[in-house]
file protein_18.cif (mmCIF, C-alpha atoms)
data_coords
loop_
_atom_site.group_PDB
_atom_site.id
_atom_site.type_symbol
_atom_site.label_atom_id
_atom_site.label_comp_id
_atom_site.auth_asym_id
_atom_site.auth_seq_id
_atom_site.Cartn_x
_atom_site.Cartn_y
_atom_site.Cartn_z
ATOM 1 C CA MET A 1 64.644 98.002 109.305
ATOM 2 C CA THR A 2 67.247 96.638 106.879
ATOM 3 C CA VAL A 3 68.459 99.029 104.237
ATOM 4 C CA ARG A 4 70.312 98.128 101.066
ATOM 5 C CA ALA A 5 73.210 100.552 100.745
ATOM 6 C CA ARG A 6 76.052 101.151 98.362
ATOM 7 C CA VAL A 7 79.346 102.770 99.259
ATOM 8 C CA LEU A 8 81.104 104.317 96.275
ATOM 9 C CA VAL A 9 84.807 104.745 96.953
ATOM 10 C CA LYS A 10 87.064 106.782 94.753
ATOM 11 C CA PRO A 11 90.589 108.172 94.904
ATOM 12 C CA LYS A 12 90.788 111.554 96.633
ATOM 13 C CA ALA A 13 90.854 114.447 94.204
ATOM 14 C CA GLY A 14 94.356 115.694 93.609
ATOM 15 C CA ILE A 15 96.053 112.338 94.039
ATOM 16 C CA LEU A 16 97.533 110.843 90.899
ATOM 17 C CA ASP A 17 95.193 108.117 89.613
ATOM 18 C CA PRO A 18 97.072 106.074 86.999
ATOM 19 C CA GLN A 19 94.227 103.577 86.696
ATOM 20 C CA GLY A 20 91.864 106.376 85.718
ATOM 21 C CA GLN A 21 94.442 107.700 83.275
ATOM 22 C CA ALA A 22 94.928 104.267 81.726
ATOM 23 C CA VAL A 23 91.179 103.922 81.143
ATOM 24 C CA GLU A 24 90.978 107.460 79.765
ATOM 25 C CA ARG A 25 93.756 106.693 77.288
ATOM 26 C CA ALA A 26 92.217 103.389 76.225
ATOM 27 C CA LEU A 27 88.808 104.819 75.272
ATOM 28 C CA PRO A 28 89.853 106.866 72.191
ATOM 29 C CA ALA A 29 91.552 103.774 70.737
ATOM 30 C CA LEU A 30 88.101 102.195 70.710
ATOM 31 C CA GLY A 31 86.520 105.203 69.053
ATOM 32 C CA PHE A 32 85.158 106.961 72.147
ATOM 33 C CA THR A 33 86.215 110.597 72.131
ATOM 34 C CA GLY A 34 85.328 113.496 74.374
ATOM 35 C CA VAL A 35 85.911 111.597 77.620
ATOM 36 C CA HIS A 36 87.862 113.296 80.374
ATOM 37 C CA ASN A 37 88.515 113.238 84.100
ATOM 38 C CA VAL A 38 88.219 109.468 84.467
ATOM 39 C CA HIS A 39 88.704 107.961 87.902
ATOM 40 C CA VAL A 40 88.506 104.342 88.984
ATOM 41 C CA GLY A 41 87.325 103.345 92.425
ATOM 42 C CA ARG A 42 85.353 100.517 94.023
ATOM 43 C CA LEU A 43 81.821 99.693 95.013
ATOM 44 C CA ILE A 44 80.822 98.035 98.282
ATOM 45 C CA GLU A 45 77.237 96.849 98.569
ATOM 46 C CA LEU A 46 75.676 95.848 101.861
ATOM 47 C CA ASP A 47 72.422 95.208 103.661
ATOM 48 C CA VAL A 48 72.595 97.115 106.916
ATOM 49 C CA GLU A 49 70.182 97.234 109.856
ATOM 50 C CA ASP A 50 71.515 100.512 111.200
ATOM 51 C CA PRO A 51 72.440 102.807 108.305
ATOM 52 C CA ALA A 52 73.417 105.525 110.766
ATOM 53 C CA ARG A 53 76.579 103.539 111.413
ATOM 54 C CA LEU A 54 77.635 103.515 107.756
ATOM 55 C CA PRO A 55 79.859 106.605 107.954
ATOM 56 C CA GLU A 56 81.744 105.053 110.860
ATOM 57 C CA MET A 57 82.177 101.805 108.894
ATOM 58 C CA CYS A 58 83.557 103.837 106.024
ATOM 59 C CA GLU A 59 85.985 105.761 108.184
ATOM 60 C CA ARG A 60 87.286 102.693 110.019
ATOM 61 C CA LEU A 61 87.397 99.911 107.443
ATOM 62 C CA LEU A 62 85.673 100.381 104.115
ATOM 63 C CA THR A 63 87.850 103.297 103.025
ATOM 64 C CA ASN A 64 91.177 104.877 103.851
ATOM 65 C CA PRO A 65 90.181 108.513 104.434
ATOM 66 C CA LEU A 66 93.743 109.680 103.768
ATOM 67 C CA ILE A 67 93.589 108.665 100.122
ATOM 68 C CA GLU A 68 89.914 108.009 99.352
ATOM 69 C CA ASP A 69 86.605 109.850 99.280
ATOM 70 C CA TYR A 70 83.306 108.030 99.559
ATOM 71 C CA GLU A 71 79.625 108.468 98.940
ATOM 72 C CA ILE A 72 76.882 106.455 100.640
ATOM 73 C CA VAL A 73 73.796 105.721 98.568
ATOM 74 C CA GLU A 74 70.808 104.119 100.278
ATOM 75 C CA ASP A 75 68.269 102.228 98.213
ATOM 76 C CA ALA A 76 64.911 103.911 98.474
ATOM 77 C CA ASP A 77 63.111 100.641 97.832
ATOM 78 C CA SER A 78 64.732 98.472 100.541
ATOM 79 C CA MET B 1 123.066 80.302 118.194
ATOM 80 C CA LEU B 2 126.683 80.347 119.422
ATOM 81 C CA GLY B 3 126.701 83.210 121.830
ATOM 82 C CA GLY B 4 128.920 85.776 123.358
ATOM 83 C CA VAL B 5 128.214 87.431 126.630
ATOM 84 C CA SER B 6 125.335 89.721 125.666
ATOM 85 C CA PRO B 7 121.778 88.363 125.599
ATOM 86 C CA THR B 8 120.512 87.494 122.145
ATOM 87 C CA VAL B 9 117.944 89.764 120.539
ATOM 88 C CA LYS B 10 114.635 87.981 119.980
ATOM 89 C CA PHE B 11 112.520 88.885 116.960
ATOM 90 C CA GLY B 12 108.863 88.040 116.443
ATOM 91 C CA VAL B 13 107.688 87.795 112.831
ATOM 92 C CA ILE B 14 103.925 87.998 112.367
ATOM 93 C CA ARG B 15 102.195 85.485 110.093
ATOM 94 C CA PHE B 16 98.826 86.529 108.654
ATOM 95 C CA PRO B 17 96.757 84.410 106.277
ATOM 96 C CA GLY B 18 98.399 85.290 102.949
ATOM 97 C CA SER B 19 101.774 86.393 104.316
ATOM 98 C CA CYS B 20 104.522 84.840 102.191
ATOM 99 C CA ASP B 21 107.804 86.441 103.244
ATOM 100 C CA GLU B 22 107.610 85.670 106.943
ATOM 101 C CA VAL B 23 109.958 82.690 106.766
ATOM 102 C CA ASP B 24 112.624 84.647 104.865
ATOM 103 C CA ALA B 25 112.215 87.427 107.432
ATOM 104 C CA GLN B 26 112.661 84.887 110.236
ATOM 105 C CA LEU B 27 115.793 83.513 108.569
ATOM 106 C CA ALA B 28 117.195 87.026 108.133
ATOM 107 C CA CYS B 29 116.530 87.817 111.803
ATOM 108 C CA GLU B 30 118.246 84.566 112.777
ATOM 109 C CA ARG B 31 121.447 85.858 111.233
ATOM 110 C CA VAL B 32 121.681 88.352 114.094
ATOM 111 C CA GLY B 33 119.575 86.796 116.851
ATOM 112 C CA GLU B 34 116.649 84.482 117.541
ATOM 113 C CA ALA B 35 113.304 84.665 115.766
ATOM 114 C CA VAL B 36 109.867 83.157 116.276
ATOM 115 C CA ILE B 37 106.754 83.243 114.113
ATOM 116 C CA LEU B 38 103.815 85.016 115.794
ATOM 117 C CA TRP B 39 100.414 83.759 114.626
ATOM 118 C CA HIS B 40 98.013 86.583 113.764
ATOM 119 C CA GLY B 41 95.251 85.057 115.882
ATOM 120 C CA ASP B 42 97.227 84.951 119.139
ATOM 121 C CA HIS B 43 97.249 87.821 121.589
ATOM 122 C CA ASP B 44 100.845 87.019 122.447
ATOM 123 C CA LEU B 45 104.150 88.591 121.382
ATOM 124 C CA GLN B 46 106.077 85.930 123.331
ATOM 125 C CA GLY B 47 108.276 88.534 124.982
ATOM 126 C CA VAL B 48 110.146 89.495 121.823
ATOM 127 C CA ASP B 49 112.459 92.506 121.637
ATOM 128 C CA ALA B 50 111.381 93.519 118.136
ATOM 129 C CA VAL B 51 108.401 92.777 115.914
ATOM 130 C CA VAL B 52 108.592 92.275 112.150
ATOM 131 C CA VAL B 53 105.458 92.623 110.028
ATOM 132 C CA PRO B 54 106.439 90.758 106.868
ATOM 133 C CA GLY B 55 105.806 90.957 103.155
ATOM 134 C CA GLY B 56 103.157 89.086 101.254
ATOM 135 C CA PHE B 57 99.475 89.362 100.462
ATOM 136 C CA SER B 58 97.738 89.235 103.822
ATOM 137 C CA TYR B 59 94.027 88.550 103.297
ATOM 138 C CA GLY B 60 94.679 88.597 99.570
ATOM 139 C CA ASP B 61 95.109 92.396 99.630
ATOM 140 C CA TYR B 62 91.301 92.357 99.753
ATOM 141 C CA LEU B 63 89.651 95.807 100.043
ATOM 142 C CA ARG B 64 93.084 97.503 100.320
ATOM 143 C CA ALA B 65 96.498 96.022 100.996
ATOM 144 C CA GLY B 66 96.877 95.714 104.753
ATOM 145 C CA ALA B 67 93.371 96.999 105.479
ATOM 146 C CA ILE B 68 92.146 93.779 107.058
ATOM 147 C CA ALA B 69 95.404 92.560 108.625
ATOM 148 C CA ARG B 70 95.557 95.748 110.692
ATOM 149 C CA PHE B 71 92.572 94.442 112.664
ATOM 150 C CA ALA B 72 94.089 90.999 113.341
ATOM 151 C CA PRO B 73 94.064 90.018 117.034
ATOM 152 C CA VAL B 74 97.852 90.213 117.390
ATOM 153 C CA MET B 75 97.810 93.805 116.143
ATOM 154 C CA VAL B 76 96.327 94.850 119.496
ATOM 155 C CA GLU B 77 99.536 93.736 121.189
ATOM 156 C CA VAL B 78 101.727 95.089 118.375
ATOM 157 C CA THR B 79 100.077 98.500 118.763
ATOM 158 C CA GLU B 80 100.579 98.466 122.558
ATOM 159 C CA PHE B 81 104.180 97.353 122.048
ATOM 160 C CA ALA B 82 104.774 100.167 119.549
ATOM 161 C CA ARG B 83 103.119 102.812 121.760
ATOM 162 C CA ALA B 84 105.386 101.690 124.613
ATOM 163 C CA GLY B 85 108.433 102.229 122.414
ATOM 164 C CA GLY B 86 109.043 98.694 121.176
ATOM 165 C CA LEU B 87 110.755 98.303 117.806
ATOM 166 C CA VAL B 88 108.489 97.386 114.901
ATOM 167 C CA LEU B 89 109.780 96.778 111.350
ATOM 168 C CA GLY B 90 107.224 96.608 108.514
ATOM 169 C CA ILE B 91 108.394 95.184 105.185
ATOM 170 C CA CYS B 92 106.318 95.750 102.040
ATOM 171 C CA ASN B 93 102.849 94.412 103.016
ATOM 172 C CA GLY B 94 104.002 95.053 106.589
ATOM 173 C CA PHE B 95 104.573 98.712 105.710
ATOM 174 C CA GLN B 96 101.055 98.804 104.260
ATOM 175 C CA VAL B 97 99.623 97.240 107.445
ATOM 176 C CA LEU B 98 101.413 99.755 109.675
ATOM 177 C CA CYS B 99 100.177 102.713 107.602
ATOM 178 C CA GLU B 100 96.603 101.374 107.689
ATOM 179 C CA ALA B 101 96.981 100.895 111.452
ATOM 180 C CA GLY B 102 98.060 104.512 111.873
ATOM 181 C CA LEU B 103 101.406 103.474 113.349
ATOM 182 C CA LEU B 104 103.166 105.103 110.400
ATOM 183 C CA PRO B 105 102.220 108.245 108.465
ATOM 184 C CA GLY B 106 101.009 108.247 104.888
ATOM 185 C CA ALA B 107 99.711 105.483 102.673
ATOM 186 C CA LEU B 108 100.851 103.230 99.853
ATOM 187 C CA LEU B 109 99.169 103.700 96.480
ATOM 188 C CA PRO B 110 99.316 101.661 93.263
ATOM 189 C CA ASN B 111 102.578 101.992 91.345
ATOM 190 C CA THR B 112 102.364 104.743 88.753
ATOM 191 C CA THR B 113 103.296 102.149 86.133
ATOM 192 C CA LEU B 114 100.278 100.024 87.182
ATOM 193 C CA ARG B 115 102.594 97.031 86.911
ATOM 194 C CA PHE B 116 103.867 94.550 89.451
ATOM 195 C CA ILE B 117 107.543 95.417 89.758
ATOM 196 C CA PHE B 118 110.152 92.865 90.779
ATOM 197 C CA ARG B 119 113.739 94.032 90.517
ATOM 198 C CA GLN B 120 116.845 95.027 92.398
ATOM 199 C CA VAL B 121 116.975 98.729 93.277
ATOM 200 C CA SER B 122 119.602 100.963 94.810
ATOM 201 C CA LEU B 123 118.568 102.676 98.046
ATOM 202 C CA GLU B 124 120.263 105.627 99.653
ATOM 203 C CA VAL B 125 120.488 105.823 103.433
ATOM 204 C CA ALA B 126 119.057 109.216 104.330
ATOM 205 C CA THR B 127 119.966 109.121 107.999
ATOM 206 C CA SER B 128 121.750 106.788 110.374
ATOM 207 C CA GLY B 129 119.949 108.378 113.303
ATOM 208 C CA SER B 130 117.476 105.561 113.878
ATOM 209 C CA PRO B 131 117.431 102.095 115.441
ATOM 210 C CA PHE B 132 116.977 100.683 111.929
ATOM 211 C CA THR B 133 119.830 102.402 110.096
ATOM 212 C CA ARG B 134 122.396 103.050 112.817
ATOM 213 C CA ALA B 135 124.716 100.442 111.306
ATOM 214 C CA CYS B 136 124.814 102.497 108.101
ATOM 215 C CA ALA B 137 126.319 105.850 107.196
ATOM 216 C CA PRO B 138 124.254 108.609 105.541
ATOM 217 C CA GLY B 139 124.679 108.331 101.801
ATOM 218 C CA ASP B 140 125.394 104.586 101.892
ATOM 219 C CA ARG B 141 123.919 102.707 98.948
ATOM 220 C CA LEU B 142 122.029 99.470 99.639
ATOM 221 C CA SER B 143 121.208 97.044 96.827
ATOM 222 C CA ILE B 144 117.866 95.454 97.782
ATOM 223 C CA PRO B 145 115.009 93.939 95.734
ATOM 224 C CA VAL B 146 111.487 95.283 95.489
ATOM 225 C CA LYS B 147 108.425 93.274 94.506
ATOM 226 C CA HIS B 148 105.082 95.011 94.643
ATOM 227 C CA THR B 149 102.133 96.552 92.775
ATOM 228 C CA THR B 150 101.152 99.007 95.501
ATOM 229 C CA GLY B 151 104.317 100.706 96.690
ATOM 230 C CA ARG B 152 103.909 104.375 95.831
ATOM 231 C CA PHE B 153 104.380 106.266 99.102
ATOM 232 C CA TYR B 154 102.014 109.180 99.534
ATOM 233 C CA ALA B 155 101.324 111.708 102.238
ATOM 234 C CA PRO B 156 99.446 115.002 101.984
ATOM 235 C CA ASP B 157 101.714 118.041 101.509
ATOM 236 C CA GLN B 158 101.716 119.204 105.127
ATOM 237 C CA GLU B 159 102.347 115.721 106.465
ATOM 238 C CA LEU B 160 105.115 115.169 103.944
ATOM 239 C CA ALA B 161 106.780 118.419 104.987
ATOM 240 C CA ARG B 162 106.582 117.347 108.612
ATOM 241 C CA ILE B 163 108.055 113.920 107.827
ATOM 242 C CA GLU B 164 110.978 115.543 106.020
ATOM 243 C CA ALA B 165 111.547 118.216 108.653
ATOM 244 C CA GLN B 166 111.620 115.619 111.422
ATOM 245 C CA ASP B 167 114.115 113.405 109.597
ATOM 246 C CA GLN B 168 111.632 110.528 109.403
ATOM 247 C CA VAL B 169 112.721 109.460 105.921
ATOM 248 C CA LEU B 170 115.275 106.724 106.551
ATOM 249 C CA LEU B 171 115.707 105.355 103.020
ATOM 250 C CA ARG B 172 115.172 106.848 99.569
ATOM 251 C CA TYR B 173 115.359 105.261 96.134
ATOM 252 C CA ALA B 174 118.671 106.411 94.628
ATOM 253 C CA PRO B 175 118.315 108.793 91.658
ATOM 254 C CA GLY B 176 116.853 106.874 88.743
ATOM 255 C CA HIS B 177 115.834 103.931 90.914
ATOM 256 C CA ASN B 178 112.350 104.957 92.034
ATOM 257 C CA PRO B 179 110.253 102.065 90.720
ATOM 258 C CA ASN B 180 106.793 103.195 91.749
ATOM 259 C CA GLY B 181 106.481 107.002 91.796
ATOM 260 C CA SER B 182 106.842 107.384 95.553
ATOM 261 C CA LEU B 183 106.800 111.029 96.594
ATOM 262 C CA ALA B 184 110.283 112.423 97.293
ATOM 263 C CA ASP B 185 111.681 109.000 96.303
ATOM 264 C CA ILE B 186 110.734 107.747 99.762
ATOM 265 C CA ALA B 187 111.441 104.028 100.184
ATOM 266 C CA GLY B 188 111.090 103.849 103.954
ATOM 267 C CA VAL B 189 109.839 106.084 106.756
ATOM 268 C CA CYS B 190 109.705 105.903 110.529
ATOM 269 C CA ASN B 191 107.246 107.397 112.987
ATOM 270 C CA GLU B 192 107.959 110.497 115.064
ATOM 271 C CA ALA B 193 109.187 108.405 117.997
ATOM 272 C CA ARG B 194 111.522 106.565 115.592
ATOM 273 C CA ASN B 195 110.632 103.115 116.920
ATOM 274 C CA VAL B 196 108.389 102.013 114.036
ATOM 275 C CA PHE B 197 109.832 101.737 110.523
ATOM 276 C CA GLY B 198 108.235 100.715 107.248
ATOM 277 C CA LEU B 199 109.899 100.147 103.901
ATOM 278 C CA MET B 200 108.709 98.715 100.588
ATOM 279 C CA PRO B 201 111.998 96.993 99.591
ATOM 280 C CA HIS B 202 112.798 93.564 101.044
ATOM 281 C CA PRO B 203 115.965 93.574 103.166
ATOM 282 C CA GLU B 204 115.275 89.950 104.140
ATOM 283 C CA HIS B 205 115.956 88.983 100.515
ATOM 284 C CA ALA B 206 119.437 90.571 100.643
ATOM 285 C CA VAL B 207 121.200 88.766 103.464
ATOM 286 C CA ASP B 208 123.030 85.998 101.615
ATOM 287 C CA PRO B 209 125.635 86.223 98.835
ATOM 288 C CA LEU B 210 123.561 83.600 97.015
ATOM 289 C CA THR B 211 121.029 86.287 96.031
ATOM 290 C CA GLY B 212 123.631 88.842 95.011
ATOM 291 C CA SER B 213 123.591 91.314 97.871
ATOM 292 C CA VAL B 214 123.935 91.200 101.650
ATOM 293 C CA ASP B 215 123.079 94.900 102.054
ATOM 294 C CA GLY B 216 119.811 94.068 103.831
ATOM 295 C CA LEU B 217 121.683 92.677 106.830
ATOM 296 C CA ALA B 218 122.534 96.191 108.007
ATOM 297 C CA ILE B 219 118.905 96.808 108.975
ATOM 298 C CA PHE B 220 118.683 93.681 111.122
ATOM 299 C CA GLU B 221 122.120 94.400 112.597
ATOM 300 C CA SER B 222 120.963 97.912 113.471
ATOM 301 C CA ILE B 223 117.963 96.540 115.349
ATOM 302 C CA ALA B 224 120.099 93.993 117.197
ATOM 303 C CA ALA B 225 122.594 96.687 118.188
ATOM 304 C CA HIS B 226 119.819 98.966 119.418
ATOM 305 C CA VAL B 227 118.265 96.205 121.506
ATOM 306 C CA ALA B 228 121.667 95.246 122.930
ATOM 307 C CA ASP B 229 122.185 98.889 123.974
ATOM 308 C CA SER B 230 118.791 98.987 125.644
ATOM 309 C CA VAL B 231 119.302 95.932 127.816
ATOM 310 C CA PRO B 232 120.209 96.932 131.381
ATOM 311 C CA ALA B 233 123.499 95.735 132.851
ATOM 312 C CA GLY B 234 123.074 92.164 134.099
ATOM 313 C CA GLY B 235 121.645 90.943 130.836
ATOM 314 C CA VAL B 236 117.973 90.695 131.713
ATOM 315 C CA PRO B 237 115.856 92.330 129.027
ATOM 316 C CA GLY B 238 113.113 94.808 130.015
#
call {"tool": "encode", "arguments": {"input": "protein_18.cif", "output": "structure tokens"}}
result
Amino acid sequence: MTVRARVLVKPKAGILDPQGQAVERALPALGFTGVHNVHVGRLIELDVEDPARLPEMCERLLTNPLIEDYEIVEDADS
Amino acid sequence: MLGGVSPTVKFGVIRFPGSCDEVDAQLACERVGEAVILWHGDHDLQGVDAVVVPGGFSYGDYLRAGAIARFAPVMVEVTEFARAGGLVLGICNGFQVLCEAGLLPGALLPNTTLRFIFRQVSLEVATSGSPFTRACAPGDRLSIPVKHTTGRFYAPDQELARIEAQDQVLLRYAPGHNPNGSLADIAGVCNEARNVFGLMPHPEHAVDPLTGSVDGLAIFESIAAHVADSVPAGGVPG
């Protein structure tokens, strides 16, 4: 049963994230205030027949667990 | 190569799709020994004495720099070679590959400046107690170029403390020369067994007076000297 899943990868909390800081600094210049704690990561989308193997895929290839945290979101409709 | 009596050290420089500094690495190695290019798809280290994982953009830095190259076929043999004590030098993207492969501690993060940095930096030799820096003296300054966007060395606090305590930091950026925000100004680290070394700067680009500095030669000379010491009497390697 194929499932559509999304892996959201973001920098581990506590590690300096200059990309997030750059975005956070850019927003007020465009008139958006009250924005804090911005972090920039990446999204990996995949159709997977065995979603039970997703955590292993994340640990081995899709993320670097030393410096990244991840969240797996499975599409309810797939 | 015109030879003396001792057998010549043989280097193997890996070429991944997207590697770009492998030829310069081969030329640098050839200043102290012989060097062959090892294709990423071949399960064959061709009997080399030392492996170099070169700079560049293997697999386009897709996903994460070095994340895909670490699973290249030849990395099976490189890992076995490293676990058996063979010398492995990772330069820039090579350092990233070795960290992703778990052969070196820590990870490389984007430069704090978020910019690609390409300039000459001054490195300080932290220890000469390694096969990669034995031709240097502690405190020596090496003028070597860096060129990278993802060179900030990071390790969690406990791991960093362990690295420092075990003298695994071989090179630091000299005061004022840290281009990327690396923790503790770390430019290059080795593993616990001291046979695998990764550094972000490019010693292969500092071996000829034409480019302004020959300070990078010391690293290749160190490797050659270490290999020469390891060869049993009679001259037959291994």
call {"tool": "interface_residues", "arguments": {"input": "protein_18.cif", "of": "chain B", "to": "chain A", "cutoff": "7 Å", "atoms": "all atoms listed in the file", "output": "count of residues only"}}
result
3
call {"tool": "atom_distance", "arguments": {"input": "protein_18.cif", "atom1": "CA of His205 (chain B)", "atom2": "CA of Arg31 (chain B)"}}
result
12.4 Å
call {"tool": "closest_residue", "arguments": {"input": "protein_18.cif", "among": "B:Gly94, B:Gly188, B:Pro131, B:Gly41", "to": "Ala218 (chain B)", "atoms": "only C-alpha atoms"}}
result
B:Pro131
call {"tool": "residues_near_point", "arguments": {"input": "protein_18.cif", "point": "(87.4, 105.5, 94.4)", "cutoff": "10 Å", "atoms": "only C-alpha atoms", "output": "MDAnalysis selection string"}}
result
chainID A and resid 7:13 17 20 39:43 63 67:71
call {"tool": "resolve_selection", "arguments": {"input": "protein_18.cif", "expression": "the PyMOL selection byres ((chain A and resi 3) around 12)", "output": "count of residues only"}}
result
22
call {"tool": "resolve_selection", "arguments": {"input": "protein_18.cif", "expression": "the PyMOL selection byres ((chain B and resi 138) around 7)", "output": "PyMOL selection string"}}
result
chain B and resi 125-128+136-137+139-140
call {"tool": "atom_distance", "arguments": {"input": "protein_18.cif", "atom1": "CA of Val53 (chain B)", "atom2": "CA of Asn93 (chain B)"}}
result
7.7 Å
call {"tool": "atom_distance", "arguments": {"input": "protein_18.cif", "atom1": "CA of Val9 (chain B)", "atom2": "CA of Ala224 (chain B)"}}
result
5.8 Å
call {"tool": "residues_near_point", "arguments": {"input": "protein_18.cif", "point": "(84.9, 110.5, 79.0)", "cutoff": "12 Å", "atoms": "all atoms listed in the file", "output": "list in words"}}
result
Gly20, Gln21, Val23, Glu24, Arg25, Ala26, Leu27, Pro28, Gly31, Phe32, Thr33, Gly34, Val35, His36, Asn37, Val38 and His39 of chain A
call {"tool": "resolve_selection", "arguments": {"input": "protein_18.cif", "expression": "the PyMOL selection byres ((chain B and resi 170) around 10)", "output": "list of chain:residue names"}}
result
B:Leu123, B:Glu124, B:Val125, B:Ala126, B:Thr127, B:Ser128, B:Gly129, B:Ser130, B:Phe132, B:Thr133, B:Pro138, B:Glu164, B:Asp167, B:Gln168, B:Val169, B:Leu171, B:Arg172, B:Ile186, B:Ala187, B:Gly188, B:Val189, B:Cys190, B:Arg194, B:Phe197, B:Gly198, B:Leu199
call {"tool": "residues_around", "arguments": {"input": "protein_18.cif", "residues": "Val227 (chain B)", "least_positions_apart": "2", "cutoff": "12 Å", "atoms": "all atoms listed in the file", "output": "ChimeraX atom specification"}}
result
/B:6-11,32-33,48-51,85-88,131-132,134,195,220-225,229-232,235-238
call {"tool": "decode", "arguments": {"input": "protein_18.cif", "residues": "region 34-50 of chain B", "atoms": "N, CA and C atoms", "output": "PDB file, in the first residue's frame"}}
result
ATOM      1  N   GLU B  34      54.079   8.374  -6.195  1.00  0.00           N
ATOM      2  CA  GLU B  34      53.249   8.091  -7.362  1.00  0.00           C
ATOM      3  C   GLU B  34      51.790   8.289  -6.974  1.00  0.00           C
ATOM      4  N   ALA B  35      50.941   8.554  -7.964  1.00  0.00           N
ATOM      5  CA  ALA B  35      49.523   8.732  -7.653  1.00  0.00           C
ATOM      6  C   ALA B  35      48.656   8.281  -8.805  1.00  0.00           C
ATOM      7  N   VAL B  36      47.589   7.550  -8.476  1.00  0.00           N
ATOM      8  CA  VAL B  36      46.622   7.123  -9.478  1.00  0.00           C
ATOM      9  C   VAL B  36      45.251   7.669  -9.092  1.00  0.00           C
ATOM     10  N   ILE B  37      44.400   7.807 -10.112  1.00  0.00           N
ATOM     11  CA  ILE B  37      43.007   8.201  -9.867  1.00  0.00           C
ATOM     12  C   ILE B  37      42.205   6.918  -9.661  1.00  0.00           C
ATOM     13  N   LEU B  38      41.398   6.892  -8.604  1.00  0.00           N
ATOM     14  CA  LEU B  38      40.536   5.738  -8.307  1.00  0.00           C
ATOM     15  C   LEU B  38      39.094   6.124  -8.621  1.00  0.00           C
ATOM     16  N   TRP B  39      38.491   5.424  -9.576  1.00  0.00           N
ATOM     17  CA  TRP B  39      37.120   5.741  -9.992  1.00  0.00           C
ATOM     18  C   TRP B  39      36.130   5.304  -8.910  1.00  0.00           C
ATOM     19  N   HIS B  40      35.172   6.141  -8.613  1.00  0.00           N
ATOM     20  CA  HIS B  40      34.247   5.891  -7.502  1.00  0.00           C
ATOM     21  C   HIS B  40      33.482   4.588  -7.643  1.00  0.00           C
ATOM     22  N   GLY B  41      33.301   4.156  -8.915  1.00  0.00           N
ATOM     23  CA  GLY B  41      32.478   2.968  -9.166  1.00  0.00           C
ATOM     24  C   GLY B  41      33.242   1.660  -9.068  1.00  0.00           C
ATOM     25  N   ASP B  42      34.544   1.717  -8.881  1.00  0.00           N
ATOM     26  CA  ASP B  42      35.358   0.494  -8.845  1.00  0.00           C
ATOM     27  C   ASP B  42      35.648   0.072  -7.417  1.00  0.00           C
ATOM     28  N   HIS B  43      35.436  -1.204  -7.148  1.00  0.00           N
ATOM     29  CA  HIS B  43      35.786  -1.736  -5.831  1.00  0.00           C
ATOM     30  C   HIS B  43      37.263  -2.116  -5.837  1.00  0.00           C
ATOM     31  N   ASP B  44      38.131  -1.115  -5.981  1.00  0.00           N
ATOM     32  CA  ASP B  44      39.540  -1.446  -6.189  1.00  0.00           C
ATOM     33  C   ASP B  44      40.416  -0.256  -5.810  1.00  0.00           C
ATOM     34  N   LEU B  45      41.227  -0.421  -4.762  1.00  0.00           N
ATOM     35  CA  LEU B  45      42.140   0.649  -4.351  1.00  0.00           C
ATOM     36  C   LEU B  45      43.516   0.490  -5.007  1.00  0.00           C
ATOM     37  N   GLN B  46      43.638  -0.485  -5.897  1.00  0.00           N
ATOM     38  CA  GLN B  46      44.882  -0.677  -6.657  1.00  0.00           C
ATOM     39  C   GLN B  46      46.129  -0.731  -5.770  1.00  0.00           C
ATOM     40  N   GLY B  47      45.978  -1.260  -4.583  1.00  0.00           N
ATOM     41  CA  GLY B  47      47.150  -1.475  -3.731  1.00  0.00           C
ATOM     42  C   GLY B  47      47.863  -0.217  -3.272  1.00  0.00           C
ATOM     43  N   VAL B  48      47.159   0.892  -3.182  1.00  0.00           N
ATOM     44  CA  VAL B  48      47.824   2.139  -2.791  1.00  0.00           C
ATOM     45  C   VAL B  48      48.188   2.137  -1.306  1.00  0.00           C
ATOM     46  N   ASP B  49      49.140   2.995  -0.958  1.00  0.00           N
ATOM     47  CA  ASP B  49      49.584   3.133   0.429  1.00  0.00           C
ATOM     48  C   ASP B  49      48.747   4.158   1.186  1.00  0.00           C
ATOM     49  N   ALA B  50      48.154   5.083   0.456  1.00  0.00           N
ATOM     50  CA  ALA B  50      47.365   6.148   1.086  1.00  0.00           C
ATOM     51  C   ALA B  50      46.260   6.569   0.130  1.00  0.00           C
TER      52      ALA B  50
END
